[in-house]
file upload.txt (compact mmCIF, N, CA and C atoms)
# COMPACT_ATOMS: atom_id res chain seq x y z
N MET A 1 -37.35 68.52 -68.69
CA MET A 1 -37.34 67.09 -68.42
C MET A 1 -36.40 66.36 -69.38
N ASN A 2 -36.42 66.79 -70.64
CA ASN A 2 -35.57 66.14 -71.64
C ASN A 2 -34.09 66.31 -71.30
N ARG A 3 -33.69 67.50 -70.84
CA ARG A 3 -32.29 67.73 -70.48
C ARG A 3 -31.88 66.88 -69.29
N LEU A 4 -32.78 66.69 -68.34
CA LEU A 4 -32.47 65.86 -67.18
C LEU A 4 -32.21 64.42 -67.59
N VAL A 5 -33.04 63.90 -68.47
CA VAL A 5 -32.86 62.52 -68.95
C VAL A 5 -31.54 62.38 -69.69
N ILE A 6 -31.23 63.34 -70.56
CA ILE A 6 -29.97 63.28 -71.30
C ILE A 6 -28.78 63.39 -70.36
N THR A 7 -28.88 64.24 -69.35
CA THR A 7 -27.79 64.39 -68.39
C THR A 7 -27.59 63.11 -67.59
N LEU A 8 -28.67 62.50 -67.12
CA LEU A 8 -28.56 61.25 -66.37
C LEU A 8 -28.03 60.12 -67.25
N PHE A 9 -28.45 60.10 -68.51
CA PHE A 9 -27.95 59.10 -69.44
C PHE A 9 -26.46 59.30 -69.71
N SER A 10 -26.04 60.56 -69.84
CA SER A 10 -24.66 60.86 -70.19
C SER A 10 -23.69 60.63 -69.03
N ALA A 11 -24.12 60.90 -67.82
CA ALA A 11 -23.21 60.82 -66.68
C ALA A 11 -23.52 59.66 -65.73
N GLY A 12 -24.58 58.92 -65.98
CA GLY A 12 -24.98 57.86 -65.06
C GLY A 12 -24.04 56.69 -64.99
N TRP A 13 -23.18 56.52 -66.01
CA TRP A 13 -22.24 55.40 -66.01
C TRP A 13 -21.26 55.48 -64.86
N VAL A 14 -21.12 56.64 -64.25
CA VAL A 14 -20.19 56.81 -63.14
C VAL A 14 -20.64 55.99 -61.93
N VAL A 15 -21.93 55.86 -61.73
CA VAL A 15 -22.46 55.16 -60.55
C VAL A 15 -22.06 53.68 -60.54
N PRO A 16 -22.23 52.92 -61.62
CA PRO A 16 -21.77 51.53 -61.57
C PRO A 16 -20.25 51.41 -61.39
N PHE A 17 -19.47 52.31 -61.99
CA PHE A 17 -18.03 52.27 -61.80
C PHE A 17 -17.66 52.57 -60.34
N TRP A 18 -18.37 53.53 -59.74
CA TRP A 18 -18.13 53.85 -58.34
C TRP A 18 -18.48 52.65 -57.45
N ALA A 19 -19.61 52.00 -57.75
CA ALA A 19 -20.03 50.84 -56.96
C ALA A 19 -19.01 49.70 -57.08
N ALA A 20 -18.47 49.51 -58.28
CA ALA A 20 -17.46 48.47 -58.47
C ALA A 20 -16.19 48.78 -57.68
N ALA A 21 -15.75 50.03 -57.72
CA ALA A 21 -14.55 50.41 -56.98
C ALA A 21 -14.77 50.27 -55.48
N ALA A 22 -15.93 50.69 -55.00
CA ALA A 22 -16.23 50.57 -53.57
C ALA A 22 -16.28 49.11 -53.14
N ALA A 23 -16.88 48.25 -53.96
CA ALA A 23 -16.96 46.83 -53.63
C ALA A 23 -15.57 46.18 -53.65
N TYR A 24 -14.74 46.60 -54.60
CA TYR A 24 -13.39 46.03 -54.65
C TYR A 24 -12.57 46.43 -53.42
N LEU A 25 -12.68 47.68 -53.02
CA LEU A 25 -11.97 48.11 -51.81
C LEU A 25 -12.49 47.39 -50.58
N GLU A 26 -13.79 47.16 -50.53
CA GLU A 26 -14.37 46.40 -49.42
C GLU A 26 -13.88 44.95 -49.45
N PHE A 27 -13.73 44.38 -50.64
CA PHE A 27 -13.20 43.03 -50.78
C PHE A 27 -11.78 42.96 -50.22
N LEU A 28 -10.97 43.96 -50.54
CA LEU A 28 -9.60 43.97 -50.03
C LEU A 28 -9.59 44.04 -48.51
N GLN A 29 -10.49 44.83 -47.95
CA GLN A 29 -10.52 45.00 -46.50
C GLN A 29 -11.15 43.79 -45.80
N ALA A 30 -12.24 43.26 -46.34
CA ALA A 30 -12.98 42.21 -45.64
C ALA A 30 -12.56 40.80 -46.06
N GLY A 31 -11.97 40.67 -47.25
CA GLY A 31 -11.64 39.34 -47.73
C GLY A 31 -10.16 39.03 -47.79
N VAL A 32 -9.39 39.96 -48.31
CA VAL A 32 -7.96 39.70 -48.50
C VAL A 32 -7.16 39.94 -47.23
N TRP A 33 -7.39 41.07 -46.60
CA TRP A 33 -6.60 41.41 -45.41
C TRP A 33 -6.69 40.37 -44.30
N PRO A 34 -7.90 39.86 -43.96
CA PRO A 34 -7.94 38.81 -42.92
C PRO A 34 -7.18 37.54 -43.33
N ARG A 35 -7.20 37.21 -44.63
CA ARG A 35 -6.47 36.01 -45.06
C ARG A 35 -4.96 36.21 -44.96
N LEU A 36 -4.51 37.42 -45.20
CA LEU A 36 -3.08 37.68 -45.03
C LEU A 36 -2.66 37.56 -43.56
N LEU A 37 -3.60 37.82 -42.67
CA LEU A 37 -3.33 37.68 -41.23
C LEU A 37 -3.68 36.29 -40.72
N HIS A 38 -3.96 35.35 -41.64
CA HIS A 38 -4.33 33.97 -41.32
C HIS A 38 -5.58 33.90 -40.45
N GLU A 39 -6.55 34.73 -40.79
CA GLU A 39 -7.85 34.73 -40.12
C GLU A 39 -8.93 34.38 -41.14
N ALA A 40 -10.11 34.11 -40.65
CA ALA A 40 -11.24 33.82 -41.55
C ALA A 40 -11.78 35.13 -42.12
N PRO A 41 -12.23 35.09 -43.39
CA PRO A 41 -12.84 36.31 -43.97
C PRO A 41 -14.07 36.73 -43.17
N LEU A 42 -14.38 38.02 -43.22
CA LEU A 42 -15.47 38.55 -42.41
C LEU A 42 -16.84 38.16 -42.93
N ASN A 43 -16.99 37.96 -44.24
CA ASN A 43 -18.27 37.52 -44.79
C ASN A 43 -18.04 36.81 -46.11
N SER A 44 -19.12 36.35 -46.73
CA SER A 44 -18.99 35.58 -47.96
C SER A 44 -19.68 36.26 -49.15
N PHE A 45 -19.80 37.57 -49.13
CA PHE A 45 -20.40 38.28 -50.25
C PHE A 45 -19.51 38.12 -51.49
N PRO A 46 -20.11 37.86 -52.65
CA PRO A 46 -19.30 37.66 -53.87
C PRO A 46 -18.82 38.99 -54.46
N TYR A 47 -17.82 39.59 -53.84
CA TYR A 47 -17.34 40.92 -54.23
C TYR A 47 -16.86 40.98 -55.67
N ILE A 48 -16.03 40.02 -56.07
CA ILE A 48 -15.44 40.07 -57.41
C ILE A 48 -16.51 39.91 -58.48
N ASP A 49 -17.47 39.03 -58.26
CA ASP A 49 -18.57 38.86 -59.21
C ASP A 49 -19.38 40.15 -59.32
N PHE A 50 -19.64 40.78 -58.19
CA PHE A 50 -20.37 42.05 -58.19
C PHE A 50 -19.58 43.13 -58.94
N CYS A 51 -18.27 43.18 -58.70
CA CYS A 51 -17.42 44.16 -59.40
C CYS A 51 -17.46 43.93 -60.91
N GLN A 52 -17.38 42.69 -61.33
CA GLN A 52 -17.43 42.38 -62.77
C GLN A 52 -18.75 42.81 -63.38
N ARG A 53 -19.83 42.55 -62.69
CA ARG A 53 -21.15 42.94 -63.21
C ARG A 53 -21.31 44.45 -63.28
N MET A 54 -20.85 45.16 -62.25
CA MET A 54 -20.96 46.62 -62.26
C MET A 54 -20.07 47.24 -63.34
N LEU A 55 -18.88 46.69 -63.52
CA LEU A 55 -18.00 47.19 -64.58
C LEU A 55 -18.59 46.93 -65.96
N ALA A 56 -19.24 45.78 -66.14
CA ALA A 56 -19.88 45.48 -67.42
C ALA A 56 -21.03 46.44 -67.68
N ILE A 57 -21.85 46.67 -66.68
CA ILE A 57 -22.98 47.60 -66.83
C ILE A 57 -22.47 49.00 -67.12
N GLY A 58 -21.48 49.45 -66.36
CA GLY A 58 -20.92 50.79 -66.57
C GLY A 58 -20.27 50.93 -67.94
N SER A 59 -19.60 49.90 -68.41
CA SER A 59 -18.95 49.95 -69.72
C SER A 59 -19.96 50.02 -70.85
N VAL A 60 -21.01 49.22 -70.76
CA VAL A 60 -22.06 49.27 -71.78
C VAL A 60 -22.75 50.63 -71.76
N TRP A 61 -23.02 51.13 -70.57
CA TRP A 61 -23.67 52.44 -70.42
C TRP A 61 -22.80 53.54 -71.03
N LEU A 62 -21.50 53.52 -70.70
CA LEU A 62 -20.58 54.52 -71.24
C LEU A 62 -20.49 54.42 -72.76
N THR A 63 -20.44 53.22 -73.28
CA THR A 63 -20.39 53.03 -74.73
C THR A 63 -21.64 53.59 -75.39
N CYS A 64 -22.80 53.33 -74.82
CA CYS A 64 -24.05 53.87 -75.37
C CYS A 64 -24.04 55.40 -75.33
N ALA A 65 -23.58 55.97 -74.23
CA ALA A 65 -23.52 57.43 -74.12
C ALA A 65 -22.56 58.03 -75.15
N LEU A 66 -21.41 57.40 -75.34
CA LEU A 66 -20.46 57.89 -76.34
C LEU A 66 -21.02 57.80 -77.75
N PHE A 67 -21.67 56.69 -78.07
CA PHE A 67 -22.29 56.56 -79.39
C PHE A 67 -23.39 57.60 -79.59
N TYR A 68 -24.16 57.86 -78.55
CA TYR A 68 -25.22 58.86 -78.65
C TYR A 68 -24.63 60.23 -78.96
N TRP A 69 -23.59 60.62 -78.21
CA TRP A 69 -23.00 61.94 -78.43
C TRP A 69 -22.26 62.02 -79.76
N ALA A 70 -21.67 60.93 -80.21
CA ALA A 70 -21.05 60.92 -81.54
C ALA A 70 -22.11 61.07 -82.62
N TRP A 71 -23.24 60.41 -82.44
CA TRP A 71 -24.34 60.53 -83.40
C TRP A 71 -24.88 61.95 -83.42
N ARG A 72 -25.04 62.54 -82.23
CA ARG A 72 -25.52 63.93 -82.15
C ARG A 72 -24.54 64.90 -82.82
N ALA A 73 -23.25 64.68 -82.59
CA ALA A 73 -22.23 65.56 -83.19
C ALA A 73 -22.22 65.43 -84.71
N SER A 74 -22.38 64.22 -85.21
CA SER A 74 -22.39 64.05 -86.67
C SER A 74 -23.65 64.64 -87.28
N LYS A 75 -24.74 64.60 -86.53
CA LYS A 75 -25.99 65.18 -87.01
C LYS A 75 -25.88 66.70 -87.08
N VAL A 76 -25.26 67.31 -86.10
CA VAL A 76 -25.07 68.77 -86.08
C VAL A 76 -24.08 69.18 -87.17
N LYS A 77 -23.03 68.40 -87.34
CA LYS A 77 -22.03 68.70 -88.36
C LYS A 77 -22.63 68.59 -89.76
N GLY A 78 -23.54 67.67 -89.95
CA GLY A 78 -24.20 67.50 -91.25
C GLY A 78 -25.11 68.66 -91.62
N LYS A 79 -25.62 69.37 -90.63
CA LYS A 79 -26.53 70.51 -90.89
C LYS A 79 -25.77 71.74 -91.39
N LYS A 80 -24.49 71.84 -91.07
CA LYS A 80 -23.73 73.04 -91.44
C LYS A 80 -23.31 73.04 -92.87

call {"tool": "encode", "arguments": {"input": "upload.txt", "output": "structure tokens"}}
result
Amino acid sequence: MNRLVITLFSAGWVVPFWAAAAAYLEFLQAGVWPRLLHEAPLNSFPYIDFCQRMLAIGSVWLTCALFYWAWRASKVKGKK
């Protein structure tokens, strides 16, 4: 169980980054492309705000994971 938690903590930051990239691509398709064709956007979902929030969450998560592994590495190095 402990390894599963550490693995999810270490690699989970990918999910918010993936969600941000998917939302941005959807924004380009549903928001930008219709405006270039002088049409109304397909919906009013706040894509850019969602992307910013997901990138912030993913960045904080990645930073925490990096600090954790740096702390673990320094702890192992100190034992030798």

call {"tool": "residues_around", "arguments": {"input": "upload.txt", "residues": "region 18-28 of chain A", "least_positions_apart": "4", "cutoff": "8 Å", "atoms": "all atoms listed in the file", "output": "JSON, numbers by chain"}}
result
{"A": [13, 14, 32, 33, 34, 46, 47, 48, 50, 51, 52, 53, 54, 55, 58]}

call {"tool": "closest_residue", "arguments": {"input": "upload.txt", "among": "A:Ala30, A:Ala65, A:Val60, A:His38", "to": "Ala11 (chain A)", "atoms": "only N, CA and C atoms"}}
result
A:Ala65

call {"tool": "select_by_dssp", "arguments": {"input": "upload.txt", "residues": "region 32-64 of chain A", "states": "helix (DSSP H, G or I)", "output": "PyMOL selection string"}}
result
chain A and resi 32-36+47-64

call {"tool": "residues_around", "arguments": {"input": "upload.txt", "residues": "Gly12 (chain A)", "least_positions_apart": "3", "cutoff": "9 Å", "atoms": "only C-alpha atoms", "output": "ChimeraX atom specification"}}
result
/A:7-9,15-16,58,61-62

call {"tool": "atom_distance", "arguments": {"input": "upload.txt", "atom1": "atom N of Phe17 (chain A)", "atom2": "atom N of Leu36 (chain A)"}}
result
27.0 Å

call {"tool": "atom_distance", "arguments": {"input": "upload.txt", "atom1": "atom C of Arg72 (chain A)", "atom2": "atom C of Ile57 (chain A)"}}
result
22.4 Å

call {"tool": "atom_distance", "arguments": {"input": "upload.txt", "atom1": "CA of Leu4 (chain A)", "atom2": "CA of Phe67 (chain A)"}}
result
18.4 Å
